[in-house]
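Below: the structure, in structure tokens.
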Amino acid sequence: MSLQLVQIMEVLGGTLEQGDPAMEIQAIASLEDAGPQDFSFLSNPKLQAQMLASKAGCIAVSAQMQEQARQRGGAYLVVDNPYLYFARLTQLWRKHHAIRPVPAGIHPSAVVEEGAIVHPSASIGPLCHVASGAVIGADSVLTSRVTVGADCVLGERVLVQPGAVIGGDGFGFANERGRWIKIEQLGGVQIGDDVEIGSNTCIDRGALRDTIIANGVKIDNQVQIGHNVEIGEHSAMAGCVGIAGSAKIGRQCTIGGAGMILGHLEIADNVHISAATVVSRSIRQPGQYTGFFPIDDNGSWEKNAATLKHLHALRDRIKALEQTQKNG
Amino acid sequence: MSLQLVQIMEVLGGTLEQGDPAMEIQAIASLEDAGPQDFSFLSNPKLQAQMLASKAGCIAVSAQMQEQARQRGGAYLVVDNPYLYFARLTQLWRKHHAIRPVPAGIHPSAVVEEGAIVHPSASIGPLCHVASGAVIGADSVLTSRVTVGADCVLGERVLVQPGAVIGGDGFGFANERGRWIKIEQLGGVQIGDDVEIGSNTCIDRGALRDTIIANGVKIDNQVQIGHNVEIGEHSAMAGCVGIAGSAKIGRQCTIGGAGMILGHLEIADNVHISAATVVSRSIRQPGQYTGFFPIDDNGSWEKNAATLKHLHALRDRIKALEQTQKNG
Amino acid sequence: MSLQLVQIMEVLGGTLEQGDPAMEIQAIASLEDAGPQDFSFLSNPKLQAQMLASKAGCIAVSAQMQEQARQRGGAYLVVDNPYLYFARLTQLWRKHHAIRPVPAGIHPSAVVEEGAIVHPSASIGPLCHVASGAVIGADSVLTSRVTVGADCVLGERVLVQPGAVIGGDGFGFANERGRWIKIEQLGGVQIGDDVEIGSNTCIDRGALRDTIIANGVKIDNQVQIGHNVEIGEHSAMAGCVGIAGSAKIGRQCTIGGAGMILGHLEIADNVHISAATVVSRSIRQPGQYTGFFPIDDNGSWEKNAATLKHLHALRDRIKALEQTQKNG
């Protein structure tokens with residue numbers, strides 16, 4: 001597999017300030033891993049030292065890093081946004097070399113029920129199940145062993161990783177003298193365009209209305225999205241996130257791995273939740289929010305955790321000390 | 001889709017205090033979403049204001065809320081427990097309109113091994129796998145892509161959502177000079193009647209004895225239940241919960257989303273664990289238990305988390321201050 | 001099912017100090033559960049009292065516990081490491097009685113694409129999907145509904161539980177004016193020998209290089225392993241663990257259930273992370289590390305959690321008290 005620098009630039013642009021446009025690039029690699037035939041990129045000015053030490057054949061840099069790239073001595077390309085350039089290069093690379101090509105149509109082992117609507121350009125991979133009343137839009141891909149339940153609608157260019165379940169029942173019960181009586185989940189799931197859904201992720205159907213995932217949302221693996229959740233455009237959530245029923249997440253939010261959003265909360269646009277943080281109240285202001293117990297050696301943790309159970313009492317003792325001191 | 005009020009009352013009871021029994025209900029909806037053809041309910045007296053503002057065609061209320069319902073002006077129905085009435089109405093609605101009907105029998109794409117016993121009224125959906133020695137009871141449903149391993153027994157009316165795995169191996173190893181030697185998992189899984197198991201949830205087979213899920217237990221998505229766990233009747237657990245091996249959960253307990261129960265613990269009946277709480281000791285008394293780090297803006301969290309590592313030392317400083325003050 | 005003591009000893013060794021070698025063992029059981037025809041073991045000297053009370057037909061003990069075993073009165077076997085002996089006995093038991101036998105070859109319902117290489121001794125179970133370019137080594141087992149993506153390589157004796165996904169896309173995007181642009185994931189997954197992978201666990205393919213799971217690693221259910229992670233030999237992780245992209249875990253580490261390792265961190269060899277602990281910095285020293293909020297009754301938790309948000313300010317008040325006291 002290879003691509004000439006000039007072939008890359010024809011598609012993705014950039015200015016070759018130093019080096020030979022006919023150079024054959026044989027792989028894309030990190031600054032650290034790249035060898036003399038590889039293409040790399042400097043996305044973060046803090047990694048300057050790594051760039052100077054890199055053996056990469058060619059490096060994409062921003063205009064501000066041009067001088068440093070020149071000092072390194074090898075080929076370099078000036079581009080607007082090196083990380084974005086890298087992303088587009090991975091797309092070009094995969095397409096050009098036909099890596100893991102995705103055939104349109106329905107794999108013979110997939111089960112597509114009568115009454116499901118699958119766009120002819122969509123790809124339904126091996127051992128997927130698309131129930132009656134489901135709709136799969138143009139260029140969408142169910143990779144392998146994906147279930148899309150009845151009345152669940154996927155837009156265009158939706159990519160669903162293996163094992164994902166779209167349209168399982170939401171979790172709703174009324175309690176009758178200690179027994180749980182099922183609330184039938186009568187809604188569906190609506191997924192917009194350009195959404196990605198990770199491996200073994202679950203998105204439940206709504207109880208009465210639909211669960212809604214807007215355009216451009218990216219969801220990692222093992223994520224759980226409860227019934228009637230709404231996620232705004234271009235929000236992203238990392239692995240193991242849980243979003244409880246009827247939570248409403250804004251646009252362009254991010255949720256770090258294993259972040260948990262409790263039910264019926266509202267999260268404004270541009271809110272960023274750190275990994276492993278439990279969101280237990282609505283968040284109205286953009287910003288970064290965090291809440292996890294800091295790791296420590298086990299012995300120190302044990303002492304501090306035990307003391308934590310008396311924190312409120314300690315506060316009262318501080319108050320008392322202040323009072324006595326003041327009066328004394 | 002529609003049902004007359006009188007048809008609903010014939011099956012579910014209730015007293016129409018105001019309104020026309022011939023009214024055609026076209027949907028079930030929340031107080032907020034409901035329109036003039038929709039049926040809604042007031043389950044929580046705190047939502048009175050929402051009820052008064054609701055455009056619902058008919059609202060189910062309890063006897064205590066009758067006066068307020070009359071003030072609203074539209075049709076209303078007095079019932080014993082409005083939320084329970086709503087649950088039963090969703091069941092009636094789904095059945096009456098044949099929404100997502102569940103056919104008895106084995107889908108041609110499912111793999112049911114020789115030696116498995118499947119009741120003729122059970123439904124084994126597309127791409128499910130039922131291993132030899134497994135038993136699936138009357139009216140139980142494996143929706144789609146469910147695995148039930150050898151020697152796992154499901155009772156009657158068990159509903160298993162897509163992707164669930166019942167009877168994977170428990171996680172057991174002995175360490176021999178740094179290497180892990182597998183403990184073969186020789187037990188099975190016993191699941192009672194009226195159990196629901198969520199999408200992509202896993203219930204491991206026991207090491208020597210069986211893992212046991214009692215009647216009426218409800219388990220949400222992405223839940224992990226380790227080997228030899230026992231869960232008592234009518235307990236419920238929300239998404240992303242983890243229950244480590246040999247834990248024993250009582251009856252009518254609830255565990256909030258992402259709650260984690262460590263191994264070999266015992267939880268009494270009627271214990272309620274809040275979301276994202278780690279249960280690290282047995283709980284002998286009914287009640288509500290909680291333990292997660294409160295969310296804060298990131299800057300505040302950083303300061304408090306850093307200080308938390310010195311909490312034990314702070315307690316000692318408070319003690320010293322108290323001592324000095326006392327002596328002074 | 002039964003085995004004579006002498007048959008067990010022929011394969012696994014041990015010295016029968018008391019009892020009849022012709023005794024028929026009918027089951028393996030814990031000290032508590034074992035009856036007069038069952039085999040049990042004392043792995044932990046703290047369980048002496050349980051051993052003395054046990055009705056087990058025969059008990060495996062270490063040399064140090066010999067005297068206590070003799071006091072009990074029944075048959076006992078002296079072995080080097082009773083827990084290891086138990087592990088090996090479960091293996092012998094399963095093999096001898098042909099419990100859940102694993103047939104070599106490809107189940108007719110599995111989809112193995114052209115270009116995949118499956119060793120003839122490997123077992124590809126029902127409804128599994130092995131993509132083109134994947135390699136499955138000798139004696140490896142995909143139990144049921146497992147996906148192995150293109151260019152993912154499994155070594156020998158790898159055991160994959162149902163629903164696992166190996167080689168889904170890693171989660172990588174560049175942001176372009178608020179929209180996420182996919183970074184195609186061009187790497188694969190390399191899994192060594194003697195690895196076990198739990199039910200519904202996900203291991204993502206690398207972005208540029210491969211994700212690497214070394215020999216002897218044991219991974220429980222519902223675990224999420226991000227792209228470019230490397231896990232060293234003989235490490236083990238319990239259910240619901242998440243390991244974010246590019247984290248590097250050493251050899252012989254253990255991670256308790258729901259432990260979370262953030263991205264790009266390095267964990268040294270022989271590090272043990274407690275359950276539900278978030279690892280937010282690299283760990284260079286072996287040892288046990290912990291960080292989760294201690295559980296409490298809900299009322300106490302609420303008070304302490306509220307106070308925790310002022311912990312930094314409390315520290316300042318303690319400082320001020322100390323200063324005043326000193327000056328006074």
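Chain identifiers are assigned as A, B, and so on, following the order in which chains appear in the structure tokens; residues are numbered from 1 within each chain, and ligands are numbered from 1 in order of appearance.
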Chain B near chain C within 8 Å: what's each residue's closest atom pair and its distance in Å to one decimal, counting only C-alpha atoms, ordered by chain then ascending residue number, as CSV?
residue,atom,partner,partner_atom,distance
B:Val111,CA,C:Pro126,CA,7.0
B:Leu127,CA,C:Leu127,CA,6.9
B:His129,CA,C:Pro126,CA,6.9
B:Arg145,CA,C:Arg145,CA,7.8
B:Thr147,CA,C:Pro162,CA,7.1
B:Ala150,CA,C:Arg100,CA,7.0
B:Gly163,CA,C:Gly163,CA,7.0
B:Val165,CA,C:Pro162,CA,6.5
B:Gly168,CA,C:Gln161,CA,6.0
B:Asp169,CA,C:Gln161,CA,7.1
B:Phe171,CA,C:Asp220,CA,6.1
B:Phe173,CA,C:Ala87,CA,7.1
B:Ala174,CA,C:Leu84,CA,5.4
B:Asn175,CA,C:Leu84,CA,7.0
B:Glu176,CA,C:Leu84,CA,7.0
B:Gly178,CA,C:Gln252,CA,6.7
B:Arg179,CA,C:His234,CA,5.8
B:Trp180,CA,C:His234,CA,6.9
B:Ile181,CA,C:Ala87,CA,6.7
B:Lys182,CA,C:Ala87,CA,6.2
B:Ile183,CA,C:Ala87,CA,4.4
B:Glu184,CA,C:Thr90,CA,5.2
B:Gln185,CA,C:Thr90,CA,7.6
B:Leu186,CA,C:Arg94,CA,7.4
B:Asn200,CA,C:Asn200,CA,6.8
B:Cys202,CA,C:Ser199,CA,6.7
B:Leu208,CA,C:Ala29,CA,6.1
B:Arg209,CA,C:Ala29,CA,7.8
B:Gln222,CA,C:Gln222,CA,7.4
B:Gln224,CA,C:Gln222,CA,6.9
B:Gly242,CA,C:Cys240,CA,6.9
B:Ala244,CA,C:Gly257,CA,7.5
B:Met260,CA,C:Ala276,CA,7.7
B:Leu262,CA,C:Ala275,CA,7.8
B:Thr277,CA,C:Ile295,CA,6.6
B:Val278,CA,C:Ile295,CA,6.3
B:Val279,CA,C:Ile295,CA,6.2
B:Ser280,CA,C:Ile295,CA,7.3
B:Gly287,CA,C:Asp297,CA,7.4
B:Gln288,CA,C:Asn298,CA,5.5
B:Tyr289,CA,C:Asp297,CA,4.3
B:Thr290,CA,C:Asn298,CA,5.0
B:Gly291,CA,C:Ile295,CA,4.2
B:Phe292,CA,C:Phe293,CA,5.3
B:Phe293,CA,C:Phe293,CA,6.0
B:Pro294,CA,C:Ala305,CA,6.1
B:Asp296,CA,C:Lys309,CA,7.6
B:Ser300,CA,C:Lys309,CA,7.6
B:Trp301,CA,C:Lys309,CA,7.6
B:Lys303,CA,C:His312,CA,6.1
B:Asn304,CA,C:His312,CA,5.2
B:Thr307,CA,C:His312,CA,5.9
B:Leu308,CA,C:Leu311,CA,7.3
B:Leu314,CA,C:Arg315,CA,7.1
B:Arg317,CA,C:Ile318,CA,7.5
B:Ile318,CA,C:Ile318,CA,7.0
B:Leu321,CA,C:Glu322,CA,6.9
B:Gln325,CA,C:Gln325,CA,7.9
So that I can check the surroundings of stretch 58-70 of chain B, please list as a list of chain:residue names every protein, DNA and RNA residue that reaches within 7 Å of it, counting only C-alpha atoms and ignoring chain neighbours fewer than 4 positions away.
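Here the answer would be B:Asp38, B:Phe39, B:Ser40, B:Phe41, B:Leu42, B:Gly74, B:Ala75, B:Tyr76, B:Leu77, B:Val78, B:Val79, B:Asp80, B:Asn81, B:Pro82.
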So which residues touch C:Arg72 within 8 Å, counting only C-alpha atoms, skipping near sequence neighbours fewer than 6 positions away, as a VMD selection string?
chain C and resid 51 to 53
For those residues, write all heavy atoms to a file as a PDB file, in the first residue's frame.
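Generated file (part_31.pdb):
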ATOM      1  N   MET C  51     -14.324 -25.843  57.492  1.00  0.00           N
ATOM      2  CA  MET C  51     -13.847 -27.171  57.126  1.00  0.00           C
ATOM      3  C   MET C  51     -14.239 -28.192  58.197  1.00  0.00           C
ATOM      4  O   MET C  51     -14.713 -29.280  57.877  1.00  0.00           O
ATOM      5  CB  MET C  51     -12.333 -27.201  56.956  1.00  0.00           C
ATOM      6  CG  MET C  51     -11.873 -28.594  56.526  1.00  0.00           C
ATOM      7  SD  MET C  51     -10.098 -28.799  56.618  1.00  0.00           S
ATOM      8  CE  MET C  51      -9.836 -28.669  58.389  1.00  0.00           C
ATOM      9  N   LEU C  52     -14.046 -27.801  59.442  1.00  0.00           N
ATOM     10  CA  LEU C  52     -14.367 -28.737  60.526  1.00  0.00           C
ATOM     11  C   LEU C  52     -15.847 -29.116  60.501  1.00  0.00           C
ATOM     12  O   LEU C  52     -16.212 -30.236  60.820  1.00  0.00           O
ATOM     13  CB  LEU C  52     -13.976 -28.134  61.878  1.00  0.00           C
ATOM     14  CG  LEU C  52     -12.450 -28.093  62.112  1.00  0.00           C
ATOM     15  CD1 LEU C  52     -12.103 -27.245  63.326  1.00  0.00           C
ATOM     16  CD2 LEU C  52     -11.887 -29.511  62.264  1.00  0.00           C
ATOM     17  N   ALA C  53     -16.685 -28.168  60.092  1.00  0.00           N
ATOM     18  CA  ALA C  53     -18.130 -28.408  60.065  1.00  0.00           C
ATOM     19  C   ALA C  53     -18.594 -29.036  58.751  1.00  0.00           C
ATOM     20  O   ALA C  53     -19.751 -29.424  58.619  1.00  0.00           O
ATOM     21  CB  ALA C  53     -18.866 -27.088  60.290  1.00  0.00           C
TER      22      ALA C  53
END
Would you please give, as a short mmCIF file (atom, residue, chain, number, x, y, z; two decimals) with N, CA and C atoms, in the first residue's frame, all residues of stretch 30-262 of chain B that DSSP assigns to strand (DSSP E or B) based on the backbone?
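Output file states22.cif is given in full below:
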data_model
loop_
_atom_site.label_atom_id
_atom_site.label_comp_id
_atom_site.auth_asym_id
_atom_site.auth_seq_id
_atom_site.Cartn_x
_atom_site.Cartn_y
_atom_site.Cartn_z
N ASP B 38 -55.97 12.43 23.15
CA ASP B 38 -55.03 11.54 23.85
C ASP B 38 -55.44 11.30 25.30
N PHE B 39 -54.97 10.17 25.81
CA PHE B 39 -55.23 9.77 27.18
C PHE B 39 -53.96 10.02 27.99
N SER B 40 -54.13 10.65 29.14
CA SER B 40 -52.96 10.86 30.00
C SER B 40 -53.31 10.48 31.44
N PHE B 41 -52.38 10.71 32.36
CA PHE B 41 -52.59 10.27 33.74
C PHE B 41 -51.79 11.18 34.66
N CYS B 58 -58.51 13.00 27.92
CA CYS B 58 -58.98 12.39 29.17
C CYS B 58 -57.78 12.10 30.06
N ILE B 59 -57.98 12.29 31.36
CA ILE B 59 -56.88 12.07 32.31
C ILE B 59 -57.34 11.11 33.41
N ALA B 60 -56.50 10.11 33.70
CA ALA B 60 -56.77 9.24 34.85
C ALA B 60 -56.15 9.85 36.09
N VAL B 61 -56.97 9.96 37.14
CA VAL B 61 -56.49 10.53 38.41
C VAL B 61 -56.94 9.64 39.56
N ALA B 75 -62.47 15.61 30.19
CA ALA B 75 -62.84 14.30 30.72
C ALA B 75 -61.80 13.82 31.73
N TYR B 76 -62.29 13.11 32.75
CA TYR B 76 -61.34 12.44 33.64
C TYR B 76 -61.97 11.19 34.23
N LEU B 77 -61.06 10.32 34.60
CA LEU B 77 -61.40 8.98 35.06
C LEU B 77 -60.79 8.82 36.44
N VAL B 78 -61.58 8.37 37.39
CA VAL B 78 -61.01 8.12 38.71
C VAL B 78 -60.63 6.64 38.82
N GLY B 105 -43.00 -20.00 18.61
CA GLY B 105 -42.21 -20.85 17.74
C GLY B 105 -40.80 -20.33 17.53
N ILE B 106 -40.08 -21.04 16.73
CA ILE B 106 -38.64 -20.80 16.54
C ILE B 106 -38.41 -20.19 15.17
N VAL B 111 -30.77 -20.85 16.11
CA VAL B 111 -30.13 -22.16 16.26
C VAL B 111 -30.55 -22.73 17.61
N VAL B 112 -31.38 -23.74 17.57
CA VAL B 112 -31.80 -24.43 18.80
C VAL B 112 -31.20 -25.83 18.74
N ILE B 117 -34.91 -27.75 25.31
CA ILE B 117 -36.36 -27.94 25.44
C ILE B 117 -37.02 -26.57 25.37
N VAL B 118 -37.80 -26.36 24.33
CA VAL B 118 -38.46 -25.07 24.14
C VAL B 118 -39.97 -25.30 24.16
N SER B 123 -41.30 -18.04 22.21
CA SER B 123 -40.90 -17.44 20.94
C SER B 123 -39.39 -17.27 20.92
N ILE B 124 -38.74 -17.92 19.99
CA ILE B 124 -37.28 -17.82 19.84
C ILE B 124 -37.05 -17.00 18.58
N HIS B 129 -29.55 -18.24 19.83
CA HIS B 129 -28.89 -19.53 20.00
C HIS B 129 -29.27 -20.13 21.35
N VAL B 130 -29.90 -21.28 21.29
CA VAL B 130 -30.28 -22.00 22.52
C VAL B 130 -29.52 -23.32 22.53
N VAL B 135 -33.54 -24.90 28.79
CA VAL B 135 -34.99 -25.05 28.85
C VAL B 135 -35.63 -23.66 28.78
N ILE B 136 -36.57 -23.49 27.88
CA ILE B 136 -37.26 -22.21 27.74
C ILE B 136 -38.74 -22.46 28.01
N VAL B 141 -39.97 -15.28 25.78
CA VAL B 141 -39.62 -14.68 24.49
C VAL B 141 -38.13 -14.33 24.48
N LEU B 142 -37.41 -14.90 23.54
CA LEU B 142 -36.06 -14.42 23.24
C LEU B 142 -36.22 -13.56 21.99
N THR B 147 -28.37 -15.39 23.40
CA THR B 147 -27.76 -16.70 23.62
C THR B 147 -28.20 -17.25 24.97
N VAL B 148 -28.69 -18.46 24.98
CA VAL B 148 -28.97 -19.18 26.24
C VAL B 148 -28.10 -20.44 26.22
N CYS B 152 -29.12 -23.95 31.14
CA CYS B 152 -29.74 -22.74 31.68
C CYS B 152 -31.24 -22.87 31.51
N VAL B 153 -31.97 -22.54 32.58
CA VAL B 153 -33.40 -22.78 32.59
C VAL B 153 -34.14 -21.46 32.75
N LEU B 154 -35.01 -21.16 31.82
CA LEU B 154 -35.86 -19.98 31.93
C LEU B 154 -37.28 -20.42 32.23
N LEU B 159 -38.93 -12.48 29.44
CA LEU B 159 -38.73 -11.68 28.24
C LEU B 159 -37.27 -11.26 28.19
N VAL B 160 -36.59 -11.67 27.14
CA VAL B 160 -35.16 -11.38 27.02
C VAL B 160 -34.94 -10.47 25.82
N VAL B 165 -26.88 -12.39 27.01
CA VAL B 165 -26.15 -13.66 27.08
C VAL B 165 -26.44 -14.30 28.43
N ILE B 166 -27.08 -15.43 28.39
CA ILE B 166 -27.39 -16.15 29.63
C ILE B 166 -26.57 -17.43 29.63
N GLY B 167 -25.66 -17.52 30.60
CA GLY B 167 -24.89 -18.76 30.69
C GLY B 167 -23.52 -18.72 30.06
N GLY B 168 -22.97 -17.51 29.89
CA GLY B 168 -21.53 -17.46 29.60
C GLY B 168 -20.77 -17.95 30.82
N PHE B 173 -10.46 -18.20 38.16
CA PHE B 173 -9.13 -18.69 37.84
C PHE B 173 -8.35 -18.86 39.13
N ALA B 174 -7.49 -19.86 39.15
CA ALA B 174 -6.51 -19.98 40.24
C ALA B 174 -5.17 -19.51 39.68
N ASN B 175 -4.37 -18.90 40.53
CA ASN B 175 -3.09 -18.40 40.05
C ASN B 175 -1.98 -19.39 40.37
N GLU B 176 -1.22 -19.75 39.34
CA GLU B 176 -0.10 -20.66 39.51
C GLU B 176 1.16 -19.95 39.03
N ARG B 179 0.48 -17.32 36.45
CA ARG B 179 -0.40 -17.66 35.33
C ARG B 179 -1.77 -18.04 35.85
N TRP B 180 -2.78 -17.77 35.07
CA TRP B 180 -4.15 -18.04 35.48
C TRP B 180 -4.61 -19.39 34.96
N ILE B 181 -5.04 -20.24 35.87
CA ILE B 181 -5.53 -21.58 35.51
C ILE B 181 -7.05 -21.56 35.64
N LYS B 182 -7.72 -21.92 34.55
CA LYS B 182 -9.18 -21.79 34.52
C LYS B 182 -9.87 -22.74 35.49
N VAL B 189 -27.62 -21.61 35.04
CA VAL B 189 -28.37 -20.42 35.44
C VAL B 189 -29.83 -20.84 35.57
N GLN B 190 -30.47 -20.44 36.66
CA GLN B 190 -31.91 -20.68 36.83
C GLN B 190 -32.62 -19.34 36.88
N ILE B 191 -33.53 -19.16 35.97
CA ILE B 191 -34.30 -17.92 35.92
C ILE B 191 -35.76 -18.25 36.13
N GLU B 196 -37.61 -10.10 33.37
CA GLU B 196 -37.20 -9.41 32.14
C GLU B 196 -35.70 -9.15 32.19
N ILE B 197 -35.05 -9.39 31.07
CA ILE B 197 -33.59 -9.25 30.98
C ILE B 197 -33.28 -8.32 29.82
N CYS B 202 -25.60 -9.61 30.63
CA CYS B 202 -24.96 -10.93 30.76
C CYS B 202 -25.25 -11.53 32.13
N ILE B 203 -25.62 -12.78 32.13
CA ILE B 203 -25.79 -13.51 33.39
C ILE B 203 -24.94 -14.77 33.30
N ASP B 204 -23.91 -14.83 34.12
CA ASP B 204 -22.96 -15.95 34.03
C ASP B 204 -23.48 -17.21 34.69
N THR B 211 -26.33 -20.01 39.21
CA THR B 211 -26.71 -18.61 39.42
C THR B 211 -28.24 -18.56 39.41
N ILE B 212 -28.83 -17.78 40.33
CA ILE B 212 -30.29 -17.84 40.48
C ILE B 212 -30.93 -16.46 40.42
N ILE B 213 -31.87 -16.33 39.50
CA ILE B 213 -32.65 -15.10 39.37
C ILE B 213 -34.10 -15.49 39.67
N LYS B 218 -36.52 -7.80 37.46
CA LYS B 218 -36.42 -7.01 36.23
C LYS B 218 -35.02 -6.44 36.13
N ILE B 219 -34.37 -6.71 35.03
CA ILE B 219 -32.97 -6.32 34.82
C ILE B 219 -32.88 -5.51 33.54
N GLN B 224 -24.26 -6.68 34.28
CA GLN B 224 -23.36 -7.84 34.39
C GLN B 224 -23.65 -8.55 35.71
N ILE B 225 -24.00 -9.80 35.60
CA ILE B 225 -24.30 -10.59 36.80
C ILE B 225 -23.35 -11.77 36.84
N GLU B 230 -27.24 -14.63 43.56
CA GLU B 230 -28.66 -14.94 43.77
C GLU B 230 -29.41 -13.62 43.92
N ILE B 231 -30.46 -13.47 43.16
CA ILE B 231 -31.27 -12.24 43.23
C ILE B 231 -32.68 -12.64 43.64
N ALA B 236 -35.24 -5.18 41.23
CA ALA B 236 -35.08 -4.55 39.92
C ALA B 236 -33.75 -3.82 39.88
N MET B 237 -33.08 -3.87 38.72
CA MET B 237 -31.82 -3.14 38.61
C MET B 237 -31.74 -2.43 37.27
N GLY B 242 -23.49 -3.69 37.90
CA GLY B 242 -22.63 -4.87 37.95
C GLY B 242 -22.78 -5.57 39.29
N ILE B 243 -22.94 -6.87 39.25
CA ILE B 243 -23.05 -7.64 40.50
C ILE B 243 -21.99 -8.73 40.45
N LYS B 248 -25.40 -11.92 47.07
CA LYS B 248 -26.76 -12.41 47.31
C LYS B 248 -27.64 -11.20 47.61
N ILE B 249 -28.55 -10.93 46.69
CA ILE B 249 -29.40 -9.75 46.79
C ILE B 249 -30.77 -10.21 47.27
N THR B 254 -33.94 -2.48 44.92
CA THR B 254 -33.69 -1.78 43.66
C THR B 254 -32.24 -1.29 43.66
N ILE B 255 -31.65 -1.34 42.48
CA ILE B 255 -30.28 -0.84 42.32
C ILE B 255 -30.30 0.15 41.17
N MET B 260 -22.76 -0.81 41.72
CA MET B 260 -21.86 -1.96 41.66
C MET B 260 -21.88 -2.68 43.00
N ILE B 261 -22.13 -3.97 42.96
CA ILE B 261 -22.16 -4.77 44.18
C ILE B 261 -20.93 -5.67 44.15
#
Residue set, stretch 91-234 of chain A restricted to helix (DSSP H, G or I), as an NGL selection string:
:A and (91-96)
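Residues in contact with A:Pro21 at up to 8 Å, not including ones fewer than 5 positions away on its chain and judged by only C-alpha atoms, are Gln4, Leu5, Val6 and Leu16 of chain A.
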Applying 6 Å and only C-alpha atoms, which residues near B:Asp151 remain after dropping the ones on its own chain fewer than 2 positions away? List them as a ChimeraX atom specification.
/B:133-134,188
